[in-house]
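K.L.:
Contents of coords26.csv (CSV, C-alpha atoms) are below:
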chain,number,residue,atom,x,y,z
N,1,MET,CA,-18.2,-19.4,-35.9
N,2,ALA,CA,-17.2,-15.8,-36.1
N,3,ALA,CA,-17.9,-13.6,-33.1
N,4,ARG,CA,-20.2,-10.7,-33.6
N,5,CYS,CA,-21.4,-7.6,-31.7
N,6,SER,CA,-24.5,-5.5,-32.3
N,7,ARG,CA,-24.2,-2.2,-34.0
N,8,ALA,CA,-26.8,0.5,-33.2
N,9,ALA,CA,-26.2,3.0,-35.9
N,10,SER,CA,-27.6,4.2,-39.2
N,11,ASP,CA,-26.4,6.6,-41.8
N,12,ARG,CA,-27.6,8.6,-44.8
N,13,CYS,CA,-25.3,9.8,-47.4
N,14,CYS,CA,-25.5,12.2,-50.4
N,15,ASN,CA,-23.1,13.9,-52.7
N,16,ASP,CA,-23.1,16.8,-55.1
N,17,GLY,CA,-22.2,14.7,-58.2
N,18,ASN,CA,-18.9,16.6,-58.7
N,19,GLY,CA,-16.8,13.9,-60.3
N,20,GLY,CA,-15.4,10.7,-58.9
N,21,PHE,CA,-14.6,10.1,-55.2
N,22,ARG,CA,-11.0,9.4,-54.4
N,23,PHE,CA,-11.0,9.7,-50.6
N,24,THR,CA,-13.1,7.5,-48.3
N,25,THR,CA,-11.9,8.6,-44.9
N,26,PRO,CA,-11.3,12.0,-43.2
N,27,TRP,CA,-7.6,11.5,-43.5
N,28,LEU,CA,-4.9,14.2,-43.6
N,29,ASN,CA,-3.4,15.2,-46.9
N,30,GLU,CA,0.3,16.1,-47.2
N,31,ARG,CA,1.3,19.2,-45.4
N,32,VAL,CA,0.4,22.4,-47.3
N,33,GLN,CA,3.4,24.7,-47.4
N,34,ASP,CA,1.8,28.0,-48.5
N,35,TYR,CA,-1.6,28.3,-50.2
N,36,THR,CA,-4.3,31.0,-50.2
N,37,LEU,CA,-7.8,29.6,-50.5
N,38,THR,CA,-10.3,31.9,-52.2
N,39,TYR,CA,-14.0,31.3,-51.3
N,40,GLN,CA,-16.2,31.5,-54.4
N,41,ASP,CA,-19.3,33.0,-52.7
N,42,ASP,CA,-17.8,36.3,-51.4
N,43,LYS,CA,-14.2,36.1,-52.7
N,44,LYS,CA,-12.8,36.2,-49.2
N,45,THR,CA,-9.5,34.4,-48.7
N,46,PHE,CA,-7.7,32.3,-46.1
N,47,ARG,CA,-4.0,31.6,-46.1
N,48,ILE,CA,-2.7,28.2,-45.1
N,49,VAL,CA,0.9,28.0,-44.1
N,50,ASP,CA,2.8,24.8,-43.2
N,51,ARG,CA,-0.3,22.9,-41.9
N,52,HIS,CA,-2.2,19.7,-42.8
N,53,LEU,CA,-5.6,20.1,-44.4
N,54,ALA,CA,-8.0,17.2,-43.9
N,55,ASN,CA,-10.3,15.8,-46.6
N,56,GLY,CA,-13.1,15.4,-44.0
N,57,TYR,CA,-14.6,17.2,-41.1
N,58,ILE,CA,-16.7,15.6,-38.3
N,59,CYS,CA,-19.0,17.6,-36.2
N,60,HIS,CA,-20.9,16.1,-33.2
N,61,VAL,CA,-24.5,17.3,-32.9
N,62,THR,CA,-27.2,16.9,-30.2
N,63,GLU,CA,-30.8,17.9,-30.8
N,64,GLY,CA,-33.4,16.7,-28.3
N,65,ASP,CA,-33.1,12.9,-28.1
N,66,PHE,CA,-31.0,12.8,-31.2
N,67,GLN,CA,-27.2,12.4,-30.9
N,68,GLY,CA,-24.9,11.8,-33.8
N,69,ASN,CA,-22.2,13.1,-36.1
N,70,ILE,CA,-22.2,14.9,-39.4
N,71,LEU,CA,-19.3,14.0,-41.8
N,72,GLY,CA,-18.5,16.3,-44.6
N,73,MET,CA,-15.9,15.3,-47.2
N,74,GLU,CA,-13.9,17.0,-49.9
N,75,ASN,CA,-13.2,15.0,-53.1
N,76,ARG,CA,-10.2,17.1,-54.2
N,77,VAL,CA,-6.9,18.1,-52.6
N,78,VAL,CA,-6.0,21.7,-51.9
N,79,THR,CA,-3.2,21.7,-54.5
N,80,GLU,CA,-5.9,21.4,-57.3
N,81,SER,CA,-6.3,25.1,-56.9
N,82,ALA,CA,-8.5,25.6,-59.9
N,83,LYS,CA,-11.0,23.0,-58.7
N,84,TYR,CA,-10.7,22.9,-54.9
N,85,ASP,CA,-13.5,24.9,-53.2
N,86,GLY,CA,-13.1,23.7,-49.5
N,87,ASP,CA,-16.9,23.5,-49.0
N,88,TYR,CA,-16.7,20.0,-47.5
N,89,ASN,CA,-20.1,19.0,-49.0
N,90,ASP,CA,-19.0,16.7,-51.8
N,91,ILE,CA,-20.1,13.9,-49.6
N,92,LEU,CA,-22.3,14.5,-46.5
N,93,CYS,CA,-23.2,11.7,-44.1
N,94,MET,CA,-25.5,11.8,-41.1
N,95,ILE,CA,-24.3,9.2,-38.6
N,96,GLU,CA,-26.8,8.5,-35.8
N,97,SER,CA,-25.2,7.0,-32.8
N,98,ASN,CA,-27.7,7.1,-29.9
N,99,PRO,CA,-28.5,3.6,-28.7
N,100,ARG,CA,-31.6,4.9,-26.9
N,101,THR,CA,-33.4,5.8,-30.1
N,102,ILE,CA,-32.0,3.2,-32.6
N,103,ALA,CA,-32.8,-0.5,-32.4
N,104,PRO,CA,-29.8,-2.8,-32.9
N,105,GLY,CA,-29.6,-3.6,-36.6
N,106,GLU,CA,-27.0,-5.2,-38.7
N,107,GLU,CA,-24.3,-7.2,-36.8
N,108,VAL,CA,-20.7,-6.2,-37.0
N,109,GLU,CA,-17.9,-8.7,-37.3
N,110,ILE,CA,-15.4,-8.4,-34.4
N,111,GLY,CA,-13.2,-11.2,-35.3
N,112,ASN,CA,-12.8,-14.9,-36.1
N,113,SER,CA,-12.3,-17.1,-33.0
N,114,GLY,CA,-12.9,-20.6,-34.3
N,115,ASN,CA,-16.2,-22.2,-33.3
N,116,LYS,CA,-16.7,-20.2,-30.1
N,117,ASP,CA,-20.0,-18.6,-29.3
N,118,PRO,CA,-19.9,-14.8,-28.8
N,119,GLU,CA,-20.3,-15.2,-25.1
N,120,GLU,CA,-17.1,-17.2,-25.0
N,121,ILE,CA,-14.9,-14.7,-26.7
N,122,ALA,CA,-12.2,-13.5,-24.4
N,123,CYS,CA,-12.8,-9.9,-23.4
N,124,LYS,CA,-10.9,-7.6,-21.0
N,125,THR,CA,-12.9,-4.7,-19.6
N,126,SER,CA,-11.3,-1.6,-18.1
N,127,VAL,CA,-13.2,1.4,-16.6
N,128,GLY,CA,-12.0,4.6,-15.2
N,129,LEU,CA,-11.7,8.4,-15.6
N,130,TYR,CA,-9.3,10.4,-17.9
N,131,LEU,CA,-8.5,13.8,-16.3
N,132,PHE,CA,-6.9,16.3,-18.7
N,133,GLU,CA,-4.9,19.5,-18.5
N,134,ASP,CA,-5.6,21.2,-21.8
N,135,ASN,CA,-3.0,24.1,-21.9
N,136,TYR,CA,-0.4,21.9,-23.5
N,137,PRO,CA,2.4,22.6,-24.5
N,138,TYR,CA,2.2,25.4,-21.9
N,139,ARG,CA,2.0,25.0,-18.1
N,140,GLY,CA,-1.5,24.8,-16.7
N,141,ASP,CA,-3.0,25.1,-13.2
N,142,PHE,CA,-2.9,21.3,-12.6
N,143,ASP,CA,-6.4,21.0,-11.4
N,144,PHE,CA,-6.9,18.2,-14.0
N,145,ASN,CA,-10.6,19.1,-14.6
N,146,ASP,CA,-10.4,20.8,-18.0
N,147,ALA,CA,-12.0,17.6,-19.3
N,148,VAL,CA,-13.1,14.7,-17.1
N,149,VAL,CA,-14.1,11.7,-19.2
N,150,GLN,CA,-15.5,8.4,-17.9
N,151,TYR,CA,-14.7,5.4,-20.1
N,152,GLU,CA,-15.3,1.7,-20.5
N,153,ILE,CA,-13.2,-0.3,-22.9
N,154,ARG,CA,-14.2,-3.8,-23.8
N,155,ASP,CA,-11.1,-5.3,-25.5
N,156,TYR,CA,-11.8,-8.4,-27.5
N,157,TYR,CA,-8.1,-9.1,-27.6
N,158,GLN,CA,-8.4,-12.6,-29.1
N,159,SER,CA,-10.5,-11.5,-32.1
N,160,LYS,CA,-8.8,-11.4,-35.4
N,161,ASN,CA,-9.1,-7.6,-35.8
N,162,ARG,CA,-8.6,-6.9,-32.1
N,163,ALA,CA,-11.9,-5.1,-31.8
N,164,LYS,CA,-12.5,-2.7,-28.9
N,165,GLN,CA,-16.0,-1.5,-28.0
N,166,ILE,CA,-15.5,1.9,-26.3
N,167,THR,CA,-18.1,3.8,-24.3
N,168,VAL,CA,-17.2,7.3,-23.1
N,169,GLN,CA,-19.3,10.0,-21.2
N,170,LEU,CA,-18.3,13.5,-20.3
N,171,MET,CA,-18.4,14.1,-16.5
N,172,ALA,CA,-17.0,17.7,-16.1
N,173,THR,CA,-15.3,20.6,-18.0
N,174,GLY,CA,-13.3,23.4,-16.5
N,175,SER,CA,-11.9,25.2,-19.5
N,176,HIS,CA,-12.4,28.4,-21.6
N,177,MET,CA,-11.1,26.5,-24.6
N,178,SER,CA,-13.2,24.3,-26.8
N,179,ASN,CA,-11.6,20.8,-26.9
N,180,SER,CA,-12.3,17.5,-28.5
N,181,PHE,CA,-11.8,14.0,-27.0
N,182,GLY,CA,-11.2,10.8,-28.8
N,183,PHE,CA,-8.8,8.0,-29.4
N,184,ARG,CA,-5.8,7.6,-31.7
N,185,ASP,CA,-5.7,4.4,-33.6
N,186,SER,CA,-3.8,3.3,-36.8
N,187,LYS,CA,-5.9,5.7,-38.9
N,188,GLY,CA,-5.3,8.8,-36.7
N,189,PHE,CA,-7.5,10.7,-34.3
N,190,GLN,CA,-11.0,9.3,-33.9
N,191,PRO,CA,-13.3,11.8,-32.3
N,192,PHE,CA,-15.9,10.8,-29.7
N,193,LEU,CA,-16.8,14.1,-27.9
N,194,SER,CA,-16.5,17.7,-29.2
N,195,GLY,CA,-17.1,21.2,-28.0
N,196,LEU,CA,-15.8,20.5,-24.5
N,197,LYS,CA,-15.9,24.0,-23.1
N,198,GLY,CA,-17.2,25.8,-20.0
N,199,TYR,CA,-17.3,25.2,-16.3
N,200,ARG,CA,-19.6,22.3,-15.3
N,201,ASN,CA,-19.2,20.1,-12.2
N,202,VAL,CA,-16.1,21.9,-11.0
N,203,TYR,CA,-17.4,24.3,-8.4
N,204,ALA,CA,-18.5,23.4,-4.9
N,205,ALA,CA,-21.8,25.3,-5.3
N,206,GLN,CA,-22.8,23.2,-8.3
N,207,ALA,CA,-24.9,20.1,-7.9
N,208,PHE,CA,-23.6,17.2,-10.0
N,209,GLU,CA,-25.4,16.8,-13.3
N,210,PRO,CA,-24.2,14.4,-16.1
N,211,VAL,CA,-22.8,16.6,-18.8
N,212,GLY,CA,-23.6,14.3,-21.8
N,213,GLU,CA,-25.1,11.0,-22.9
N,214,PRO,CA,-22.7,8.0,-23.4
N,215,VAL,CA,-21.1,7.7,-26.8
N,216,VAL,CA,-20.2,4.2,-28.1
N,217,GLN,CA,-17.8,3.4,-31.0
N,218,THR,CA,-15.9,0.3,-32.0
N,219,LEU,CA,-12.2,0.7,-32.9
N,220,TYR,CA,-9.6,-1.8,-33.8
N,221,GLY,CA,-6.0,-2.6,-32.8
N,222,ASP,CA,-4.0,-0.3,-30.5
N,223,VAL,CA,-5.8,2.8,-29.2
N,224,VAL,CA,-4.6,5.7,-27.1
N,225,PRO,CA,-6.9,8.3,-25.4
N,226,CYS,CA,-6.3,11.8,-26.7
N,227,LEU,CA,-7.6,15.3,-26.2
N,228,LYS,CA,-7.3,17.8,-29.1
N,229,ASN,CA,-7.1,21.3,-27.6
N,230,GLU,CA,-8.3,24.5,-29.2
N,231,SER,CA,-4.7,25.2,-30.4
N,232,GLU,CA,-4.8,21.9,-32.2
N,233,TYR,CA,-2.3,20.1,-30.0
N,234,TYR,CA,-2.9,16.5,-29.3
N,235,ILE,CA,-2.5,15.6,-25.6
N,236,TYR,CA,-1.8,11.9,-24.8
N,237,PRO,CA,-1.0,10.1,-21.5
N,238,SER,CA,2.7,10.4,-22.4
N,239,SER,CA,2.5,14.2,-22.7
N,240,PHE,CA,4.2,16.1,-19.8
N,241,ASN,CA,4.3,19.8,-19.0
N,242,THR,CA,6.9,19.5,-16.3
N,243,ALA,CA,9.0,16.7,-14.9
N,244,GLU,CA,6.5,16.4,-12.0
N,245,TYR,CA,3.1,16.8,-13.6
N,246,PRO,CA,1.8,14.9,-16.6
N,247,SER,CA,-1.0,16.3,-18.8
N,248,VAL,CA,-3.3,13.3,-18.3
N,249,LEU,CA,-4.3,11.2,-15.3
N,250,ASP,CA,-6.0,7.8,-15.6
N,251,ILE,CA,-7.9,7.1,-12.4
N,252,PRO,CA,-10.0,4.0,-11.4
N,253,LEU,CA,-13.7,4.8,-11.4
N,254,SER,CA,-14.3,2.8,-8.2
N,255,ASP,CA,-12.9,0.1,-5.9
N,256,PRO,CA,-14.4,-3.3,-6.1
N,257,ASP,CA,-13.2,-4.0,-2.6
N,258,ASP,CA,-14.7,-0.7,-1.2
N,259,ALA,CA,-18.2,0.0,-2.5
N,260,SER,CA,-18.3,3.4,-0.7
N,261,TRP,CA,-15.3,4.8,-2.5
N,262,LYS,CA,-15.5,6.9,-5.7
N,263,PHE,CA,-12.9,9.2,-7.0
N,264,GLU,CA,-13.5,12.9,-6.7
N,265,TRP,CA,-11.7,15.3,-9.0
N,266,PRO,CA,-10.3,18.8,-8.0
N,267,GLN,CA,-12.5,21.8,-8.1
N,268,GLU,CA,-11.6,24.7,-10.5
N,269,MET,CA,-8.1,26.2,-9.9
N,270,GLN,CA,-7.3,23.7,-7.1
N,271,SER,CA,-4.0,21.9,-7.8
N,272,ILE,CA,-4.0,18.1,-7.7
N,273,ASP,CA,-1.2,18.4,-5.1
N,274,ASP,CA,-3.3,20.5,-2.8
N,275,CYS,CA,-6.2,18.0,-3.1
N,276,TYR,CA,-4.2,14.8,-2.9
N,277,TRP,CA,-0.8,13.6,-1.8
N,278,PHE,CA,0.4,13.6,-5.4
N,279,LEU,CA,4.0,14.8,-5.4
N,280,LYS,CA,4.9,13.1,-2.1
N,281,SER,CA,3.2,10.8,0.3
N,282,ALA,CA,1.8,12.0,3.6
N,283,SER,CA,5.0,10.8,5.3
N,284,GLY,CA,7.2,12.7,2.9
N,285,GLY,CA,8.3,9.7,0.8
N,286,SER,CA,7.5,8.8,-2.7
N,287,ARG,CA,4.0,9.0,-4.0
N,288,GLU,CA,1.9,5.9,-3.1
N,289,LYS,CA,0.5,3.7,-5.9
N,290,ASP,CA,-3.1,4.4,-4.7
N,291,TRP,CA,-2.6,8.1,-3.9
N,292,TYR,CA,-6.0,9.0,-5.4
N,293,LYS,CA,-7.8,7.2,-2.5
N,294,ARG,CA,-6.5,9.5,0.3
N,295,PRO,CA,-7.4,13.2,-0.2
N,296,LYS,CA,-5.1,15.8,1.4
N,297,ASP,CA,-8.0,18.3,1.6
N,298,ALA,CA,-11.5,16.8,0.7
N,299,ALA,CA,-13.0,20.3,0.8
N,300,LEU,CA,-11.2,21.1,-2.4
N,301,LEU,CA,-12.8,18.2,-4.3
N,302,PHE,CA,-15.9,17.9,-6.4
N,303,GLY,CA,-18.1,14.8,-5.5
N,304,ARG,CA,-20.7,13.0,-7.4
Any chance you could give the structure as structure tokens?
P.N.:
Amino acid sequence: MAARCSRAASDRCCNDGNGGFRFTTPWLNERVQDYTLTYQDDKKTFRIVDRHLANGYICHVTEGDFQGNILGMENRVVTESAKYDGDYNDILCMIESNPRTIAPGEEVEIGNSGNKDPEEIACKTSVGLYLFEDNYPYRGDFDFNDAVVQYEIRDYYQSKNRAKQITVQLMATGSHMSNSFGFRDSKGFQPFLSGLKGYRNVYAAQAFEPVGEPVVQTLYGDVVPCLKNESEYYIYPSSFNTAEYPSVLDIPLSDPDDASWKFEWPQEMQSIDDCYWFLKSASGGSREKDWYKRPKDAALLFGR
């Protein structure tokens, strides 16, 4: 029988009745070369030059025990200048995504694997931390704590649609910019966390406090972690600022052979090379494969 996983989510949707809906996802239109948008309420204008303009906008919201996303959609493209209003309320959806408050409901198909029970479906699980430098494409301070995101990816690689159940949780932020974290799949950037701004869990005087609740989504096919910075640059593990320093580090969360070890990220304004033997090993040779397990100066790190 087909393998299934539980989905803990509900949504409510409404629209303003303004004609037929032609777009079903917050996908990008063609690049707008030069267009001035006039807002109908106060006649103010906004000029759009050589940029994409999305049909949808997703905003993550947290209020008490509630955690979810608001999706606003436009049912016209910007080139329909006489009819386009850019209010993003032609369709509004509230998507609740907090597993603590919503009981598992309808099951979601994750693939067809013959007659296997769900417990028998092959699944690869990876866990770790993504550490981002957010000043791309410009050089940063290389403390890799602008956004620290813990992840768990359950990859049902033998399922027909290659489903991946992804859980992420924000651990720290060390940035004056407001960033968003998500994954890129075949449909583009899929947001998980937004408003990643401020200085939390990056100073020695701070006691560690979890920054946010876990966020769970199911994606399909190949996925790549991604930070969208305030300048709207997308930062991937393949992004490099210099030949020596990448923009993203992927670090194991713990060591199954050493229960006492947990990775500690650099404090604010402390370079990764001052904290660890990153550019070279302690003996002056090439960087060791498990460099992250041997600090150069533990006093510069932030511990949980």
K.L.:
From the options N:Asp87, N:Asp146, N:Glu74, N:Glu268, which residue's atoms come nearest to Lys197 (chain N), counting only C-alpha atoms?
P.N.:
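So, comparing all the options, the nearest one is N:Asp146.
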K.L.:
Which polymer residues have any atom within 10 Å of an atom of Phe132 (chain N), counting all atoms listed in the file, with same-chain residues fewer than 4 positions away left out, as JSON, numbers by chain?
P.N.:
{"N": [136, 142, 143, 144, 145, 146, 147, 148, 149, 173, 174, 181, 226, 227, 235, 236, 237, 246, 247, 248, 249, 250]}
K.L.:
Could you dump the residues just selected with C-alpha atoms as a PDB file, in the coordinates of the input?
P.N.:
ATOM      1  CA  TYR N 136      -0.400  21.900 -23.500  1.00  0.00           C
ATOM      2  CA  PHE N 142      -2.900  21.300 -12.600  1.00  0.00           C
ATOM      3  CA  ASP N 143      -6.400  21.000 -11.400  1.00  0.00           C
ATOM      4  CA  PHE N 144      -6.900  18.200 -14.000  1.00  0.00           C
ATOM      5  CA  ASN N 145     -10.600  19.100 -14.600  1.00  0.00           C
ATOM      6  CA  ASP N 146     -10.400  20.800 -18.000  1.00  0.00           C
ATOM      7  CA  ALA N 147     -12.000  17.600 -19.300  1.00  0.00           C
ATOM      8  CA  VAL N 148     -13.100  14.700 -17.100  1.00  0.00           C
ATOM      9  CA  VAL N 149     -14.100  11.700 -19.200  1.00  0.00           C
ATOM     10  CA  THR N 173     -15.300  20.600 -18.000  1.00  0.00           C
ATOM     11  CA  GLY N 174     -13.300  23.400 -16.500  1.00  0.00           C
ATOM     12  CA  PHE N 181     -11.800  14.000 -27.000  1.00  0.00           C
ATOM     13  CA  CYS N 226      -6.300  11.800 -26.700  1.00  0.00           C
ATOM     14  CA  LEU N 227      -7.600  15.300 -26.200  1.00  0.00           C
ATOM     15  CA  ILE N 235      -2.500  15.600 -25.600  1.00  0.00           C
ATOM     16  CA  TYR N 236      -1.800  11.900 -24.800  1.00  0.00           C
ATOM     17  CA  PRO N 237      -1.000  10.100 -21.500  1.00  0.00           C
ATOM     18  CA  PRO N 246       1.800  14.900 -16.600  1.00  0.00           C
ATOM     19  CA  SER N 247      -1.000  16.300 -18.800  1.00  0.00           C
ATOM     20  CA  VAL N 248      -3.300  13.300 -18.300  1.00  0.00           C
ATOM     21  CA  LEU N 249      -4.300  11.200 -15.300  1.00  0.00           C
ATOM     22  CA  ASP N 250      -6.000   7.800 -15.600  1.00  0.00           C
TER      23      ASP N 250
END
K.L.:
Give me, as a list in words, all polymer residues having an atom no more than 10 Å from Arg47 (chain N), counting only C-alpha atoms and skipping those fewer than 5 positions away in the same chain.
P.N.:
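Counting only C-alpha atoms, the residues come to Asp34, Tyr35, Thr36, Leu37 and Thr38 of chain N.
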K.L.:
In terms of the shortest atom-to-atom distance over all atoms listed in the file, which of N:Tyr234, N:Ala282, N:Val49, N:Arg304 is closest to Ser260 (chain N)?
P.N.:
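For Ser260 (chain N), the nearest of the given residues is N:Arg304.
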K.L.:
Between CA of Ile166 (chain N) and CA of Tyr151 (chain N), measure the distance and give it in Å to one decimal.
P.N.:
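These two atoms are separated by 7.2 Å.
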K.L.:
How many Å lie between CA of Ala243 (chain N) and CA of Asn135 (chain N), rounded to one decimal?
P.N.:
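The value is 15.7 Å.
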K.L.:
Tell me, in Å to one decimal, how far CA of Leu129 (chain N) is from CA of Glu209 (chain N).
P.N.:
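Going from CA of Leu129 (chain N) over to CA of Glu209 (chain N) covers 16.2 Å.
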K.L.:
For a quick check of understanding, using only C-alpha atoms, which of N:Ser126, N:Asn89, N:Ser238, N:Gln267 has the smallest distance to Ser175 (chain N)?
P.N.:
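Of the candidates, the smallest distance to Ser175 (chain N) is held by N:Gln267.
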